[in-house]
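What follows is run.pdb (PDB, C-alpha atoms, pLDDT in the B column).
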```
ATOM      1  CA  MET A   1      -7.268 -21.756  19.271  1.00 55.00           C
ATOM      2  CA  ALA A   2      -7.622 -25.443  18.477  1.00 63.00           C
ATOM      3  CA  GLU A   3      -4.520 -27.627  18.191  1.00 76.00           C
ATOM      4  CA  ARG A   4      -3.580 -27.694  14.561  1.00 78.00           C
ATOM      5  CA  PRO A   5      -0.596 -29.074  12.708  1.00 80.00           C
ATOM      6  CA  MET A   6       2.143 -26.492  12.146  1.00 77.00           C
ATOM      7  CA  SER A   7       4.287 -26.154   9.082  1.00 76.00           C
ATOM      8  CA  PRO A   8       8.060 -26.157   9.708  1.00 73.00           C
ATOM      9  CA  HIS A   9       9.133 -22.857  11.201  1.00 75.00           C
ATOM     10  CA  LEU A  10      11.079 -20.456   9.002  1.00 73.00           C
ATOM     11  CA  THR A  11      14.226 -20.709  11.107  1.00 76.00           C
ATOM     12  CA  VAL A  12      14.886 -24.312  10.035  1.00 82.00           C
ATOM     13  CA  TYR A  13      15.713 -23.162   6.514  1.00 83.00           C
ATOM     14  CA  ARG A  14      19.121 -21.970   5.404  1.00 85.00           C
ATOM     15  CA  TRP A  15      18.894 -18.269   4.624  1.00 87.00           C
ATOM     16  CA  ALA A  16      18.583 -17.279   0.974  1.00 87.00           C
ATOM     17  CA  TYR A  17      18.306 -13.708  -0.218  1.00 90.00           C
ATOM     18  CA  THR A  18      14.955 -14.444  -1.860  1.00 90.00           C
ATOM     19  CA  MET A  19      13.641 -14.753   1.736  1.00 91.00           C
ATOM     20  CA  THR A  20      14.756 -11.199   2.425  1.00 92.00           C
ATOM     21  CA  LEU A  21      12.778  -9.969  -0.576  1.00 93.00           C
ATOM     22  CA  SER A  22       9.762 -11.892   0.653  1.00 93.00           C
ATOM     23  CA  ILE A  23       9.754 -10.292   4.107  1.00 94.00           C
ATOM     24  CA  LEU A  24      10.552  -6.880   2.601  1.00 96.00           C
ATOM     25  CA  HIS A  25       7.386  -7.164   0.519  1.00 97.00           C
ATOM     26  CA  ARG A  26       5.379  -7.430   3.731  1.00 96.00           C
ATOM     27  CA  MET A  27       7.285  -4.706   5.540  1.00 97.00           C
ATOM     28  CA  THR A  28       6.954  -2.258   2.655  1.00 98.00           C
ATOM     29  CA  GLY A  29       3.281  -3.193   2.376  1.00 98.00           C
ATOM     30  CA  VAL A  30       2.622  -2.290   6.014  1.00 98.00           C
ATOM     31  CA  ALA A  31       4.703   0.887   5.658  1.00 98.00           C
ATOM     32  CA  LEU A  32       2.659   1.847   2.585  1.00 98.00           C
ATOM     33  CA  ALA A  33      -0.561   1.510   4.603  1.00 98.00           C
ATOM     34  CA  PHE A  34       0.809   4.373   6.727  1.00 98.00           C
ATOM     35  CA  ALA A  35       1.980   6.265   3.638  1.00 98.00           C
ATOM     36  CA  LEU A  36      -1.575   6.029   2.297  1.00 98.00           C
ATOM     37  CA  LEU A  37      -2.755   7.608   5.544  1.00 98.00           C
ATOM     38  CA  GLY A  38      -0.277  10.440   4.893  1.00 97.00           C
ATOM     39  CA  LEU A  39      -1.412  10.901   1.293  1.00 97.00           C
ATOM     40  CA  VAL A  40      -5.062  11.111   2.349  1.00 98.00           C
ATOM     41  CA  ALA A  41      -4.184  13.519   5.187  1.00 97.00           C
ATOM     42  CA  TRP A  42      -2.512  15.718   2.551  1.00 97.00           C
ATOM     43  CA  LEU A  43      -5.660  15.578   0.358  1.00 97.00           C
ATOM     44  CA  VAL A  44      -7.881  16.341   3.369  1.00 97.00           C
ATOM     45  CA  SER A  45      -5.747  19.336   4.312  1.00 97.00           C
ATOM     46  CA  ALA A  46      -6.099  20.614   0.738  1.00 97.00           C
ATOM     47  CA  SER A  47      -9.870  20.298   1.077  1.00 96.00           C
ATOM     48  CA  MET A  48      -9.861  22.253   4.347  1.00 95.00           C
ATOM     49  CA  GLY A  49      -8.689  25.452   2.716  1.00 94.00           C
ATOM     50  CA  GLU A  50      -5.559  27.449   2.110  1.00 95.00           C
ATOM     51  CA  ALA A  51      -4.611  28.111   5.744  1.00 96.00           C
ATOM     52  CA  ALA A  52      -4.712  24.432   6.766  1.00 95.00           C
ATOM     53  CA  PHE A  53      -2.803  23.346   3.668  1.00 96.00           C
ATOM     54  CA  GLU A  54      -0.110  26.020   3.794  1.00 95.00           C
ATOM     55  CA  ALA A  55       0.521  25.179   7.461  1.00 95.00           C
ATOM     56  CA  LEU A  56       1.600  21.693   6.338  1.00 94.00           C
ATOM     57  CA  VAL A  57       3.823  22.751   3.438  1.00 94.00           C
ATOM     58  CA  PRO A  58       6.938  23.777   5.452  1.00 93.00           C
ATOM     59  CA  LEU A  59       6.690  20.456   7.293  1.00 93.00           C
ATOM     60  CA  LEU A  60       6.554  18.524   4.013  1.00 92.00           C
ATOM     61  CA  MET A  61       9.391  20.525   2.483  1.00 93.00           C
ATOM     62  CA  SER A  62      11.673  20.212   5.531  1.00 94.00           C
ATOM     63  CA  ALA A  63      14.560  17.735   5.450  1.00 94.00           C
ATOM     64  CA  PRO A  64      12.742  15.143   7.635  1.00 96.00           C
ATOM     65  CA  GLY A  65       9.608  15.573   5.512  1.00 95.00           C
ATOM     66  CA  LYS A  66      11.553  14.904   2.338  1.00 96.00           C
ATOM     67  CA  ILE A  67      13.366  11.937   3.878  1.00 96.00           C
ATOM     68  CA  ILE A  68      10.024  10.374   4.852  1.00 97.00           C
ATOM     69  CA  ALA A  69       8.691  11.044   1.341  1.00 96.00           C
ATOM     70  CA  ALA A  70      11.828   9.465  -0.160  1.00 97.00           C
ATOM     71  CA  LEU A  71      11.442   6.365   2.055  1.00 97.00           C
ATOM     72  CA  ALA A  72       7.747   6.064   1.171  1.00 98.00           C
ATOM     73  CA  VAL A  73       8.476   6.363  -2.550  1.00 98.00           C
ATOM     74  CA  THR A  74      11.252   3.761  -2.297  1.00 98.00           C
ATOM     75  CA  ALA A  75       8.915   1.383  -0.433  1.00 98.00           C
ATOM     76  CA  LEU A  76       6.252   1.999  -3.082  1.00 98.00           C
ATOM     77  CA  ILE A  77       8.601   1.241  -5.973  1.00 98.00           C
ATOM     78  CA  TYR A  78       9.902  -1.914  -4.291  1.00 98.00           C
ATOM     79  CA  HIS A  79       6.411  -3.168  -3.446  1.00 98.00           C
ATOM     80  CA  PHE A  80       5.322  -2.368  -7.009  1.00 98.00           C
ATOM     81  CA  CYS A  81       8.215  -4.253  -8.670  1.00 98.00           C
ATOM     82  CA  ASN A  82       8.107  -7.224  -6.334  1.00 97.00           C
ATOM     83  CA  GLY A  83       4.305  -7.223  -6.682  1.00 97.00           C
ATOM     84  CA  LEU A  84       4.715  -7.715 -10.435  1.00 97.00           C
ATOM     85  CA  ARG A  85       7.061 -10.616  -9.609  1.00 97.00           C
ATOM     86  CA  HIS A  86       4.355 -12.117  -7.404  1.00 97.00           C
ATOM     87  CA  LEU A  87       1.771 -11.716 -10.176  1.00 96.00           C
ATOM     88  CA  ALA A  88       4.099 -13.562 -12.568  1.00 96.00           C
ATOM     89  CA  TRP A  89       4.344 -16.401 -10.019  1.00 96.00           C
ATOM     90  CA  ASP A  90       0.547 -16.422  -9.702  1.00 95.00           C
ATOM     91  CA  LEU A  91       0.377 -16.992 -13.460  1.00 95.00           C
ATOM     92  CA  GLY A  92       2.787 -19.904 -13.072  1.00 94.00           C
ATOM     93  CA  PHE A  93       6.005 -18.290 -14.334  1.00 94.00           C
ATOM     94  CA  GLY A  94       9.429 -18.137 -12.722  1.00 91.00           C
ATOM     95  CA  TYR A  95       9.201 -20.807 -10.028  1.00 90.00           C
ATOM     96  CA  GLU A  96      12.563 -22.446 -10.760  1.00 92.00           C
ATOM     97  CA  ARG A  97      15.198 -21.531  -8.199  1.00 90.00           C
ATOM     98  CA  ALA A  98      17.472 -19.897 -10.760  1.00 93.00           C
ATOM     99  CA  ASP A  99      14.535 -17.890 -12.176  1.00 93.00           C
ATOM    100  CA  ALA A 100      13.393 -16.752  -8.731  1.00 92.00           C
ATOM    101  CA  ARG A 101      16.924 -15.562  -7.924  1.00 93.00           C
ATOM    102  CA  ARG A 102      17.313 -13.802 -11.252  1.00 95.00           C
ATOM    103  CA  SER A 103      13.960 -12.006 -10.849  1.00 95.00           C
ATOM    104  CA  ALA A 104      14.981 -11.043  -7.300  1.00 95.00           C
ATOM    105  CA  VAL A 105      18.133  -9.358  -8.592  1.00 96.00           C
ATOM    106  CA  LEU A 106      16.086  -7.650 -11.316  1.00 97.00           C
ATOM    107  CA  VAL A 107      13.559  -6.306  -8.766  1.00 97.00           C
ATOM    108  CA  VAL A 108      16.324  -4.903  -6.550  1.00 97.00           C
ATOM    109  CA  ALA A 109      18.139  -3.339  -9.523  1.00 98.00           C
ATOM    110  CA  VAL A 110      15.013  -1.694 -10.976  1.00 98.00           C
ATOM    111  CA  THR A 111      13.978  -0.467  -7.512  1.00 97.00           C
ATOM    112  CA  LEU A 112      17.382   1.110  -6.873  1.00 97.00           C
ATOM    113  CA  ILE A 113      17.447   2.897 -10.227  1.00 98.00           C
ATOM    114  CA  ALA A 114      13.832   4.134 -10.116  1.00 97.00           C
ATOM    115  CA  ALA A 115      14.105   5.152  -6.458  1.00 97.00           C
ATOM    116  CA  ALA A 116      17.326   7.038  -7.163  1.00 97.00           C
ATOM    117  CA  ILE A 117      15.584   9.050  -9.895  1.00 96.00           C
ATOM    118  CA  CYS A 118      12.602   9.812  -7.638  1.00 96.00           C
ATOM    119  CA  ILE A 119      14.801  10.750  -4.682  1.00 96.00           C
ATOM    120  CA  TYR A 120      16.761  13.093  -6.951  1.00 95.00           C
ATOM    121  CA  LEU A 121      13.456  14.744  -7.988  1.00 94.00           C
ATOM    122  CA  ILE A 122      12.302  15.031  -4.369  1.00 93.00           C
ATOM    123  CA  PHE A 123      15.533  16.686  -3.208  1.00 92.00           C
ATOM    124  CA  ARG A 124      16.031  18.806  -6.328  1.00 85.00           C
ATOM    125  CA  PRO A 125      16.455  22.272  -4.805  1.00 73.00           C
ATOM    126  CA  ASP A 126      14.048  24.348  -6.909  1.00 62.00           C
ATOM    127  CA  THR A 127      11.126  21.980  -7.096  1.00 50.00           C
ATOM    128  CA  GLY A 128       8.226  21.747  -4.781  1.00 46.00           C
ATOM    129  CA  ALA A 129       6.560  18.470  -5.290  1.00 49.00           C
ATOM    130  CA  VAL A 130       5.842  15.897  -2.567  1.00 48.00           C
TER     131      VAL A 130
ATOM    132  CA  MET B  20     -13.833 -42.127  20.675  1.00 61.00           C
ATOM    133  CA  SER B  21     -15.602 -38.838  20.171  1.00 72.00           C
ATOM    134  CA  LEU B  22     -19.201 -38.669  19.067  1.00 80.00           C
ATOM    135  CA  ARG B  23     -18.649 -35.268  17.435  1.00 81.00           C
ATOM    136  CA  ALA B  24     -18.886 -35.300  13.681  1.00 83.00           C
ATOM    137  CA  PRO B  25     -15.689 -34.337  11.824  1.00 81.00           C
ATOM    138  CA  LEU B  26     -17.521 -31.329  10.382  1.00 82.00           C
ATOM    139  CA  ALA B  27     -18.421 -29.983  13.835  1.00 81.00           C
ATOM    140  CA  ARG B  28     -14.766 -30.166  14.904  1.00 77.00           C
ATOM    141  CA  ILE B  29     -13.563 -27.947  12.065  1.00 75.00           C
ATOM    142  CA  LEU B  30     -16.418 -25.442  11.861  1.00 75.00           C
ATOM    143  CA  GLY B  31     -15.541 -22.021  13.185  1.00 71.00           C
ATOM    144  CA  HIS B  32     -11.790 -22.529  12.906  1.00 71.00           C
ATOM    145  CA  GLY B  33     -11.335 -20.507   9.758  1.00 65.00           C
ATOM    146  CA  ALA B  34     -10.394 -21.305   6.175  1.00 63.00           C
ATOM    147  CA  ALA B  35     -13.802 -21.974   4.756  1.00 60.00           C
ATOM    148  CA  ARG B  36     -15.247 -20.869   1.464  1.00 66.00           C
ATOM    149  CA  ASP B  37     -13.954 -17.314   1.198  1.00 71.00           C
ATOM    150  CA  GLY B  38     -10.177 -17.768   1.113  1.00 77.00           C
ATOM    151  CA  VAL B  39      -9.958 -17.766  -2.673  1.00 85.00           C
ATOM    152  CA  GLY B  40     -12.044 -14.614  -2.895  1.00 89.00           C
ATOM    153  CA  HIS B  41      -9.653 -12.809  -0.554  1.00 92.00           C
ATOM    154  CA  TRP B  42      -6.600 -13.995  -2.473  1.00 93.00           C
ATOM    155  CA  LEU B  43      -8.142 -13.097  -5.815  1.00 94.00           C
ATOM    156  CA  THR B  44      -9.316  -9.650  -4.692  1.00 96.00           C
ATOM    157  CA  GLU B  45      -5.800  -8.871  -3.482  1.00 96.00           C
ATOM    158  CA  ARG B  46      -4.513  -9.639  -7.014  1.00 96.00           C
ATOM    159  CA  VAL B  47      -7.298  -7.834  -8.856  1.00 97.00           C
ATOM    160  CA  THR B  48      -6.798  -4.659  -6.802  1.00 98.00           C
ATOM    161  CA  ALA B  49      -3.023  -4.965  -7.355  1.00 98.00           C
ATOM    162  CA  ILE B  50      -3.436  -5.143 -11.139  1.00 98.00           C
ATOM    163  CA  ALA B  51      -5.866  -2.224 -11.128  1.00 98.00           C
ATOM    164  CA  LEU B  52      -3.524  -0.185  -8.914  1.00 98.00           C
ATOM    165  CA  ALA B  53      -0.401  -0.738 -11.021  1.00 98.00           C
ATOM    166  CA  PRO B  54      -1.104   1.879 -13.744  1.00 98.00           C
ATOM    167  CA  LEU B  55      -2.734   4.248 -11.228  1.00 98.00           C
ATOM    168  CA  ILE B  56       0.345   4.203  -8.978  1.00 98.00           C
ATOM    169  CA  VAL B  57       2.645   4.989 -11.903  1.00 98.00           C
ATOM    170  CA  TRP B  58       0.317   7.857 -12.870  1.00 98.00           C
ATOM    171  CA  LEU B  59       0.168   9.234  -9.304  1.00 98.00           C
ATOM    172  CA  LEU B  60       3.917   9.050  -8.753  1.00 97.00           C
ATOM    173  CA  VAL B  61       4.703  10.791 -12.059  1.00 97.00           C
ATOM    174  CA  GLN B  62       2.080  13.469 -11.352  1.00 97.00           C
ATOM    175  CA  LEU B  63       3.240  14.166  -7.798  1.00 96.00           C
ATOM    176  CA  LEU B  64       6.905  14.310  -8.745  1.00 95.00           C
ATOM    177  CA  SER B  65       6.198  16.701 -11.607  1.00 93.00           C
ATOM    178  CA  LEU B  66       4.015  19.157  -9.659  1.00 93.00           C
ATOM    179  CA  PRO B  67       5.700  22.506 -10.289  1.00 91.00           C
ATOM    180  CA  ALA B  68       5.186  23.812  -6.733  1.00 90.00           C
ATOM    181  CA  PRO B  69       3.854  22.534  -3.398  1.00 92.00           C
ATOM    182  CA  ASP B  70       1.543  25.494  -2.712  1.00 94.00           C
ATOM    183  CA  PHE B  71      -2.229  25.436  -2.159  1.00 95.00           C
ATOM    184  CA  ARG B  72      -3.182  26.830  -5.553  1.00 95.00           C
ATOM    185  CA  THR B  73      -1.000  24.480  -7.620  1.00 95.00           C
ATOM    186  CA  VAL B  74      -2.127  21.413  -5.668  1.00 96.00           C
ATOM    187  CA  THR B  75      -5.865  22.181  -5.654  1.00 96.00           C
ATOM    188  CA  VAL B  76      -5.841  23.050  -9.372  1.00 96.00           C
ATOM    189  CA  TRP B  77      -4.067  19.740 -10.024  1.00 97.00           C
ATOM    190  CA  ILE B  78      -6.570  17.771  -7.895  1.00 97.00           C
ATOM    191  CA  GLY B  79      -9.501  19.235  -9.832  1.00 95.00           C
ATOM    192  CA  ALA B  80      -8.018  19.190 -13.347  1.00 94.00           C
ATOM    193  CA  GLY B  81      -9.461  16.951 -16.078  1.00 94.00           C
ATOM    194  CA  CYS B  82      -9.748  13.276 -15.102  1.00 96.00           C
ATOM    195  CA  ASN B  83      -7.591  13.771 -12.001  1.00 97.00           C
ATOM    196  CA  PRO B  84     -10.469  13.663  -9.455  1.00 97.00           C
ATOM    197  CA  LEU B  85     -11.724  10.392 -10.930  1.00 98.00           C
ATOM    198  CA  LEU B  86      -8.255   8.820 -11.018  1.00 98.00           C
ATOM    199  CA  LEU B  87      -7.448  10.070  -7.499  1.00 98.00           C
ATOM    200  CA  ILE B  88     -10.676   8.612  -6.081  1.00 98.00           C
ATOM    201  CA  LEU B  89     -10.022   5.304  -7.846  1.00 98.00           C
ATOM    202  CA  THR B  90      -6.463   5.222  -6.527  1.00 98.00           C
ATOM    203  CA  VAL B  91      -7.500   6.011  -2.938  1.00 98.00           C
ATOM    204  CA  LEU B  92     -10.324   3.448  -2.939  1.00 98.00           C
ATOM    205  CA  LEU B  93      -8.301   0.645  -4.547  1.00 98.00           C
ATOM    206  CA  ALA B  94      -5.256   1.374  -2.382  1.00 98.00           C
ATOM    207  CA  CYS B  95      -7.400   1.251   0.773  1.00 98.00           C
ATOM    208  CA  TRP B  96      -9.021  -1.983  -0.344  1.00 98.00           C
ATOM    209  CA  HIS B  97      -5.672  -3.594  -1.248  1.00 98.00           C
ATOM    210  CA  SER B  98      -4.082  -2.311   1.976  1.00 98.00           C
ATOM    211  CA  TRP B  99      -6.962  -3.604   4.102  1.00 98.00           C
ATOM    212  CA  LEU B 100      -6.624  -7.101   2.610  1.00 97.00           C
ATOM    213  CA  GLY B 101      -2.837  -7.093   2.992  1.00 97.00           C
ATOM    214  CA  VAL B 102      -2.786  -5.773   6.555  1.00 98.00           C
ATOM    215  CA  GLN B 103      -5.440  -8.363   7.446  1.00 97.00           C
ATOM    216  CA  VAL B 104      -3.128 -11.198   6.348  1.00 96.00           C
ATOM    217  CA  VAL B 105      -0.223  -9.714   8.297  1.00 96.00           C
ATOM    218  CA  ILE B 106      -2.348  -9.424  11.455  1.00 97.00           C
ATOM    219  CA  GLU B 107      -3.639 -12.985  11.045  1.00 94.00           C
ATOM    220  CA  ASP B 108      -0.061 -14.249  10.680  1.00 92.00           C
ATOM    221  CA  TYR B 109       1.568 -12.413  13.575  1.00 93.00           C
ATOM    222  CA  VAL B 110      -1.089 -11.429  16.131  1.00 94.00           C
ATOM    223  CA  GLY B 111      -2.086 -14.327  18.382  1.00 89.00           C
ATOM    224  CA  GLY B 112      -4.911 -14.654  20.858  1.00 92.00           C
ATOM    225  CA  PHE B 113      -8.564 -14.260  19.996  1.00 93.00           C
ATOM    226  CA  LEU B 114      -9.124 -10.878  21.622  1.00 96.00           C
ATOM    227  CA  SER B 115      -6.025  -9.057  20.383  1.00 97.00           C
ATOM    228  CA  ARG B 116      -6.329 -10.523  16.897  1.00 96.00           C
ATOM    229  CA  SER B 117     -10.004  -9.618  16.605  1.00 96.00           C
ATOM    230  CA  SER B 118      -9.394  -6.107  17.924  1.00 98.00           C
ATOM    231  CA  ALA B 119      -6.491  -5.554  15.529  1.00 98.00           C
ATOM    232  CA  LEU B 120      -8.600  -6.752  12.589  1.00 97.00           C
ATOM    233  CA  LEU B 121     -11.497  -4.541  13.669  1.00 98.00           C
ATOM    234  CA  VAL B 122      -9.321  -1.438  14.103  1.00 98.00           C
ATOM    235  CA  SER B 123      -7.650  -2.047  10.732  1.00 98.00           C
ATOM    236  CA  ALA B 124     -11.013  -2.438   8.964  1.00 98.00           C
ATOM    237  CA  LEU B 125     -12.449   0.708  10.543  1.00 98.00           C
ATOM    238  CA  VAL B 126      -9.349   2.833   9.903  1.00 98.00           C
ATOM    239  CA  HIS B 127      -9.208   1.707   6.276  1.00 98.00           C
ATOM    240  CA  ALA B 128     -12.906   2.558   5.836  1.00 98.00           C
ATOM    241  CA  LEU B 129     -12.308   5.964   7.429  1.00 98.00           C
ATOM    242  CA  VAL B 130      -9.250   6.719   5.270  1.00 98.00           C
ATOM    243  CA  ALA B 131     -11.098   5.640   2.111  1.00 98.00           C
ATOM    244  CA  SER B 132     -14.121   7.846   2.786  1.00 98.00           C
ATOM    245  CA  ALA B 133     -11.986  10.796   3.944  1.00 98.00           C
ATOM    246  CA  GLY B 134      -9.936  10.569   0.738  1.00 98.00           C
ATOM    247  CA  VAL B 135     -13.001  10.459  -1.529  1.00 98.00           C
ATOM    248  CA  TYR B 136     -14.670  13.295   0.366  1.00 98.00           C
ATOM    249  CA  ALA B 137     -11.545  15.465   0.225  1.00 98.00           C
ATOM    250  CA  VAL B 138     -11.044  14.986  -3.535  1.00 98.00           C
ATOM    251  CA  LEU B 139     -14.722  15.735  -4.262  1.00 97.00           C
ATOM    252  CA  ARG B 140     -14.663  18.797  -2.036  1.00 97.00           C
ATOM    253  CA  VAL B 141     -11.633  20.246  -3.811  1.00 96.00           C
ATOM    254  CA  ALA B 142     -12.837  19.294  -7.294  1.00 96.00           C
ATOM    255  CA  LEU B 143     -16.400  20.577  -6.866  1.00 94.00           C
ATOM    256  CA  ARG B 144     -15.382  23.832  -5.232  1.00 86.00           C
ATOM    257  CA  GLY B 145     -14.348  25.164  -8.646  1.00 61.00           C
ATOM    258  CA  ALA B 146     -17.493  23.866 -10.313  1.00 53.00           C
ATOM    259  CA  ALA B 147     -19.933  25.353  -7.819  1.00 50.00           C
TER     260      ALA B 147
END
```
Once more with this new file: its structure as structure tokens, please.
Amino acid sequence: MAERPMSPHLTVYRWAYTMTLSILHRMTGVALAFALLGLVAWLVSASMGEAAFEALVPLLMSAPGKIIAALAVTALIYHFCNGLRHLAWDLGFGYERADARRSAVLVVAVTLIAAAICIYLIFRPDTGAV
Amino acid sequence: MSLRAPLARILGHGAARDGVGHWLTERVTAIALAPLIVWLLVQLLSLPAPDFRTVTVWIGAGCNPLLLILTVLLACWHSWLGVQVVIEDYVGGFLSRSSALLVSALVHALVASAGVYAVLRVALRGAA
């Protein structure tokens, strides 16, 4: 790599919670790449016939399976909400510090509520889905 | 004093011409994915049972195959672009960075085609 000027490293800045949301967007994004792999594996197993698919079902419906599904859904909802925040920035809205902090709180609040509903549905005793 | 032209010094060190396209494609796929993700999440969470019959009937019903294929393709595309940026930011060294980018591209292509193939296989089984 050629010598190039570097921008100031992250650690020189005083921590603000908007930075946590920023890094969480990346982390959930990478996690969702793996979740996508899981979703497609599920579709592939359905295409391989009943035996292959039914072999996976107990695994999916087990407590660890449901916990992983709950984490993936939470990551998805967060990445979705914060993604909308990023799109608003791309259109030029919400750059002021107060706005960015308010939208951060909104993203976290909406994520918590929506994720709570989804996690309830995943762990609801008589349902099958996910 | 170097006799190398300024252009020759910067060529091959990245950031030329296609950065905006990458950035824009990431946004376009995000916007396209937004309604599809809401649809998929609602559908999955409201599946009445996790068994083979329920799931395969759902995959093949109505517009579901089309929407599933769109979701898988756009999600793979968006994921590929995003993972690429993460690798470029955190993986140093020419060899490891290039290998990581190559593996990511190939895995995303594999997942995309496997997803499309699986949906078509389930959906067309009923039609055949």
Calculate how many Å separate CA of Ser47 (chain A) from CA of Leu125 (chain B), rounding to one decimal.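 Interatomic distance here is 21.9 Å.
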Selection in question (the file shown): the PyMOL selection byres ((chain B) within 7 of (chain A)). Which residues does it include, as a list in words?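 Selected by the PyMOL selection byres ((chain B) within 7 of (chain A)) here: Leu63, Leu64, Ser65, Leu66, Pro67, Ala68, Pro69, Asp70, Phe71, Thr75, Ser98, Val102, Val130, Ala133, Gly134, Ala137, Val138, Arg140 and Val141 of chain B.
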Do you know which residues are at most 7 Å from region 51-59 of chain B counting all atoms listed in the file, after dropping those on the same chain fewer than 5 positions away, and could you put them as a PyMOL selection string? chain B and resi 90+93-94
For CA of Arg46 (chain B) and CA of Leu100 (chain B), determine how far apart the two atoms are, in Å to one decimal place.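 Computed distance, CA of Arg46 (chain B) to CA of Leu100 (chain B), equals 10.2 Å.
Take CA of Asp99 (chain A) and CA of Arg14 (chain A): the distance between them is 18.6 Å.
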Please put the answer as JSON: centre and edge lengths, in Å with one decimal, of a box along x, y and z that encloses all listed atoms of region 95-107 of chain B plus 3 Å on each side.
```
{"center_x": -4.6, "center_y": -5.9, "center_z": 5.1, "size_x": 14.8, "size_y": 20.2, "size_z": 18.7}
```
Top pick for closest residue to Ser117 (chain B), considering B:Cys95, B:Val76, B:Leu60, B:Gln103 and counting all atoms listed in the file: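 Ranking B:Cys95, B:Val76, B:Leu60, B:Gln103 by distance to Ser117 (chain B), first place goes to B:Gln103.
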Could you tell me, as a ChimeraX atom specification, exactly which residues end up selected when the PyMOL selection byres ((chain A and resi 78) around 12) is applied to this structure? /A:21-29,31-32,71-77,79-85,104-116
Pick out the residues sitting within 9 Å of Ser132 (chain B), and hand them over as number ranges by chain; count all atoms listed in the file, and ignore anything fewer than 5 positions along from it in its own chain. B: 91-92, 127, 137
Residue among B:Trp42, B:Trp99, B:Thr73, B:Gly81 lying closest to Val126 (chain B), counting all atoms listed in the file: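 Ranking B:Trp42, B:Trp99, B:Thr73, B:Gly81 by distance to Val126 (chain B), first place goes to B:Trp99.
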